[in-house]
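Asker: Structure below; questions to follow.
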Amino acid sequence: MFKKSLLATATTLSIALASTTAFAAGTLDSVKERGHLQCGVTSGVPGFSVPDDKGNWKGLDVDVCRAVAAAVLGDASKVKYIPLTAKERFTALASGEIDVLSRVTTWTLSRDTQLGINFAGVTYYDGQGFLVKKDLGLKSVKELDGATICVQSGTTTELNMADYFRTHGLQHTPVVFDTNEQAATSFDTGRCDAFTTDLSQAYGLRTRMSNPDSVVALPEVISKEPLGPVVRQGDDQWFNIVKWSLNAMITAEELGVTSANVDQKKSDNNPNVQRLLGGSEGLAKGMGIGEDWGYQIVKQVGNYGESFDRNVGMGSPLKIDRGLNAQWNQGGLLYSPPIR
Amino acid sequence: MPPDLQKDKGAASSAPEVKFWNDPGKRALLFQGLLVAAILLFAWFIISNTLNNLEQRGITTGFSFLSETAGFGIPMSLIEYSEASSYGRTFVVGLLNTILVSVLGIIAATILGFIMGIARLSDNWLVAKLSSLYIEIFRNIPLLLQIFFWYFAVLRTLPSPRQSIEFLGSYLNIRGLSMPAPVLEDGFGLVGIALVIAVVASVLLSRWGHKRQDETGQILPTGWISFGLIIGLPLLAFFAAGMPLSLDHPELRGFNFRGGMTLLPELVALWLALTIYTGTFIAETVRAGILAVPHGQLEAASALGLPKTRTLRLIIIPQAMRVIIPPLTSQYLNLTKNSSLATAIGYPDLVAVFAGTTLNQTGQAIEVITMTMAVYLTLSILTSIFMNWYNKRMSLVER
Amino acid sequence: MKYETQKALPPPASTIGVLGWMRKHLFKGPGSSIATLVLGYLAVIWLWPLIDWAFISADWLGTTRQDCSGDGACWVFINQRLDQFLYGFYPEAETWRLDLSFVILMACIGWLVIPRLPAKGPMAVFTLVIFPFIAFVLLSGGFFGLEPVDTHKWGGLSLTLVLAVVGIVAALPFGVLLALGRRSHMPIVRSLSVIYIEIWRGVPLITVLFMASVMLPLFFPEGMDFDKLLRALIGITMFQSAYMAEVVRGGLQAIPRGQYEAADALGLGYWQKMVMIILPQALKLMIPGIVNTFIALFKDTSLVLIIGLFDLLAIMQAAANDPNWIGFATEGYVFVALVFWVFCFSMSRYSQHLEKRLHTGHGAR
């Protein structure tokens with residue numbers, strides 16, 4: 001009887017901890033039923049997804065999750081963040097543990113076609129760069145011949161670096177770490193001559209180094225790294241919701257709608273603004289969510305520009321320039337298809 | 001179900017009035033049948049789910065990825081490897097690196113463990129206490145923590161390549177230990193041949209020595225003669241062939257030392273931690289083994305007038321080894337399995353390279369994890385086979 | 001003539017007192033003397049800076065890194081982050097729930113360990129069966145008006161303890177079944193048990209954890225998804241039950257054959273025999289083995305940091321990466337090592353003590 005009750009304990013514990021959701025009915029329904037969105041994020045990349053000292057998640061990637069929650073559930077705070085390692089991220093999505101993966105993930109052909117996932121857009125146009133110590137006086141990546149370079153394992157970064165050095169006939173020794181923080185610390189303590197990662201993350205990690213001013217980025221950007229939210233393949237409705245939640249943030253910035261002025265703008269007679277904020281009937285029908293989805297996103301999360309500014313831009317410690325991530329009409333690449 | 005009762009009740013069960021569920025033999029059959037059915041059902045459940053999940057999500061399956069180009073670099077490889085090599089090759093590179101650190105660790109941990117185990121039994125209070133201090137401290141701290149400690153707290157305090165600590169033509173810095181590498185030139189084969197001859201001669205000599213001792217009672221110092229042969233003969237051949245060996249000295253060029261050979265700090269940290277951690281367990285094994293030799297054996301040996309060294313060599317060690325070797329083998333196995341913690345500090349072992357980077361790049365979790373587990377499982381089965389063989393051989397020696 | 005025993009002369013001065021002790025234990029013969037001098041010298045020159053660093057020049061009080069002089073250890077770091085090391089990201093207002101669970105656990109264990117206290121059996125059942133429920137309700141909340149706390153907010157020492165305790169308690173029943181299976185006379189049951197045990201004992205825990213974190217989700221139908229912590233627990237339990245099975249098997253083998261035969265002679269069935277005769281005796285003998293596996297598991301829980309759970313070691317590393325506290329990793333490692341050491345050392349002492357005590361009962365074997 002003793003053993004049986006132990007077994008019973010184990011089973012009950014398992015059942016209590018395992019949340020069984022029927023998502024055969026579609027991700028949207030299961031999210032609505034559950035009452036919150038499960039969003040896969042990093043275990044801590046400053047500016048993109050990082051918990052503060054009270055455990056609240058902040059960042060550009062986090063804001064995408066919040067936008068989706070605002071659109072679907074009308075409440076941006078109804079998100080459960082699940083920190084994932086690079087290794088776990090795609091399985092976690094494939095298995096249904098998370099509804100959206102918003103974890104500085106680069107959009108590539110092989111990932112898009114072989115892993116059973118879909119990229120719903122681009123939240124940040126990134127590129128891979130190199131950090132080196134200032135006192136080495138280096139001017140270019142090409143001077144790194146023979147260098148030891150710290151890098152995170154399991155990323156496109158590792159492959160890009162190998163390609164770049166090979167095509168330029170340079171020697172290098174990679175030192176591979178499980179997390180980007182470990183790689184950065186190792187560079188900081190002198191294990192490597194250089195540290196390579198997506199530039200956005202490099203700036204974030206630089207702020208954590210013992211002497212950030214002694215570290216500089218080399219001018220070359222050796223790869224294209226479009227980072228974006230990812231969903232499971234085969235659920236087009238959900239794919240559309242995530243895609244257009246992101247587009248709504250971008251469109252809002254283009255139209256000058258911010259979280260501060262969104263209530264005023266609701267009565268604006270610009271038809272584009274009206275459509276974004278739910279003024280024209282039936283637009284959201286295909287997505288199966290409330291008509292005020294755009295309003296909720298802008299009201300609770302803000303537009304793309306606001307999010308960028310407070311997380312990675314001038315309003316944040318990272319102080320990253322808009323660069324490629326400016327609106328298309330301001331020299332950047334952000335271009336949302338029209339909401340109509 | 002009650003197996004112990006089978007024989008006793010077997011006869012009674014032939015009586016016609018016994019219901020089949022009261023017949024232990026039949027009940028056992030039924031139970032096993034049900035168990036097999038349940039397991040098959042469970043396996044079918046898992047497999048069909050997995051296949052279904054993989055297909056539905058469009059995840060690539062199969063082992064064809066092994067021949068695809070890997071495209072990433074590995075900092076240390078015992079065989080030729082470049083970014084253009086295949087994923088299959090990353091498996092081999094990782095496996096060899098695992099074997100390398102395991103073998104290094106086993107050798108060092110055995111030496112350390114034996115010294116510490118014997119020291120703990122020393123008459124000298126200080127020696128015994130220091131050894132038990134070592135054992136009690138390092139046995140009770142997680143290995144992973146020790147690896148981190150050596151890597152992040154100790155080896156990180158070493159100087160940069162430009163300020164390397166220099167000794168004996170080697171350079172110690174934060175990037176590792178750069179040492180002169182021996183380069184074999186033509187004619188070195190002769191030295192190898194000489195070594196083989198010396199080993200064969202030593203074996204024959206010791207056999208002959210034993211035989212002679214059995215017949216005449218005279219003891220030949222075969223140990224010293226063999227030692228001389230094994231060292232002397234190759235040395236002679238080396239000089240005879242005109243010293244066909246040169247050293248490739250490491251040189252600071254650009255960022256790092258080039259040439260020579262370099263022990264990565266990741267390897268050193270892992271090696272140190274594995275040695276120190278496993279050494280404690282081996283020390284305890286050795287101590288237990290020595291204590292297991294009955295005191296009467298020692299008394300008998302001194303009664304026969306054997307000198308102390310010969311008592312140790314002929315009486316204590318052979319008997320202690322019989323107790324020591326089985327747990328020692330399982331410590332070796334543990335060390336090999338523990339070397340998988342390399343992934344935490346980036347030493348390119350099987351788990352870090354293959355179950356790490358390769359898994360990430362291909363996304364084929366099932367194939368990769370299964371292959372990795374199979375490697376460790378094979379090692380463990382080989383060890384068990386060895387242990388069984390050894391135990392069988394040893395049990396013959398028993399009275 | 002009257003013979004009187006003369007008072008015995010005192011032993012030579014060189015064999016008693018401090019000098020005599022030193023002569024006997026430190027300077028017996030030249031080899032021993034040299035060893036003492038060399039090791040003594042080394043011990044002093046190695047240990048002194050260590051003591052100096054850890055205690056004398058160390059800084060204990062303060063709130064920021066500026067309060068550390070930098071000559072010795074900076075325990076301010078540990079002091080400031082202690083709550084995080086103990087509770088992880090658990091909401092501050094709710095940490096009393098962790099404290100309470102810990103106190104109950106310690107009380108239960110204390111009761112079981114102190115030989116004089118009565119009712120060991122019911123207490124063991126309480127600890128192994130009822131306590132997990134209480135702890136689960138307290139920790140995860142959601143019942144009786146307790147605020148639910150997500151498992152990924154769990155961390156620090158409390159997570160380490162959860163992993164180790166759940167791992168051992170859940171593995172015990174499976175271990176018993178597997179061990180009985182391995183000793184069964186039914187060939188299929190026996191070989192299945194052997195295969196299970198050997199497979200899990202043959203692979204490193206880290207690959208099991210990888211499997212649990214990346215493969216397990218693919219094994220179950222869509223929609224059945226497990227918490228990350230639960231996956232790790234499943235992996236640890238499967239792994240641990242194989243080791244537990246070997247401990248239980250050792251216990252079963254130590255029971256004299258006469259006990260089995262006596263039970264058979266009484267006409268007891270298999271389960272009656274096992275539950276009423278064999279297991280109660282064997283379980284007592286298994287306790288040292290179980291404690292030893294628990295120590296091994298307790299140390300191994302630190303591996304979960306590789307799959308992204310924040311146990312004590314992982315949370316210390318995260319804290320040491322905080323820009324405000326960079327450069328104090330050594331203090332962190334020493335602190336974590338000390339915590340693990342205190343737990344493991346006391347448990348190993350207890351198990352040695354038990355082994356000695358139990359040894360008398362079954363000395364005949």
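Ligands are numbered from 1 in the order shown, chains are lettered A, B, ... in the order of the structure tokens, and residues start at 1 in each chain.
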Counting only C-alpha atoms, collect the residues of chain B whose closest atom lies at most 8 Å from chain C, and write them out as an MDAnalysis selection string.

Answerer: chainID B and resid 1:5 28 32 35:36 46:47 49:50 53:54 123:127 136:137 140:145 149 152:153 337:338 340:341 344 351 365:366 369 372:373 376:377 379:381

Asker: Would you mind listing what lies within 10 Å of Asp99 of chain C as a list in words, with only C-alpha atoms counted and same-chain residues fewer than 3 positions away left out?

Answerer: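 In the requested form, the answer reads Leu86, Tyr87, Glu94, Thr95, Trp96, Phe102, Val103, Ile104, Leu105, Leu138, Leu139 and Ser158 of chain C.
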
Asker: Rounded to one decimal in Å, what is the spacing between atom CA of Glu158 of chain A and atom CA of Phe308 of chain A?

Answerer: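 Taking atom CA of Glu158 of chain A as the start and atom CA of Phe308 of chain A as the end point, the length is 26.6 Å.
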
Asker: Closest to chain A among B:Asn256, B:Ser226, B:Ser67, B:Ser164, using only C-alpha atoms?

Answerer: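 Nearest candidate to chain A out of B:Asn256, B:Ser226, B:Ser67, B:Ser164: B:Asn256.
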
Asker: What is the distance, in Å and to one decimal place, between atom CA of Ile98 of chain A and atom CA of Ala352 of chain B?

Answerer: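 One can read the atom CA of Ile98 of chain A to atom CA of Ala352 of chain B distance as 25.8 Å.
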
Asker: Show me, as a PyMOL selection string, every residue of chain A with an atom at most 10 Å from chain B, counting only C-alpha atoms.

Answerer: chain A and resi 86-91+94-95+110-111+113-117+136+143-149+152-163+166+172-179+182-183+185-186+189-193+232-234

Asker: Report, in Å to a single decimal, how far apart atom CA of Val113 of chain C and atom CA of Ile234 of chain C are.

Answerer: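 So the two atoms, atom CA of Ile234 of chain C and atom CA of Val113 of chain C, lie 28.3 Å apart.
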
Asker: Using only C-alpha atoms, determine which residues lie at most 9 Å from segment 220-222 of chain A, disregarding the query and same-chain residues fewer than 3 positions distant; provide the list as a JSON list (two decimals) with C-alpha atoms, in the first residue's frame.

Answerer:
```json
[["chain", "number", "residue", "atom", "x", "y", "z"],
["A", 127, "GLY", "CA", 24.09, 41.79, -38.42],
["A", 128, "GLN", "CA", 26.98, 39.94, -36.96],
["A", 129, "GLY", "CA", 29.91, 41.93, -35.69],
["A", 130, "PHE", "CA", 33.05, 41.57, -33.64],
["A", 140, "SER", "CA", 39.27, 45.54, -39.38],
["A", 141, "VAL", "CA", 38.14, 41.95, -39.00],
["A", 160, "ASN", "CA", 28.87, 32.81, -40.43],
["A", 161, "MET", "CA", 32.18, 33.30, -38.71],
["A", 164, "TYR", "CA", 33.83, 34.52, -43.36],
["A", 198, "ASP", "CA", 24.74, 39.80, -33.42],
["A", 199, "LEU", "CA", 25.68, 43.44, -32.95],
["A", 217, "ALA", "CA", 33.18, 46.95, -32.23]]
```
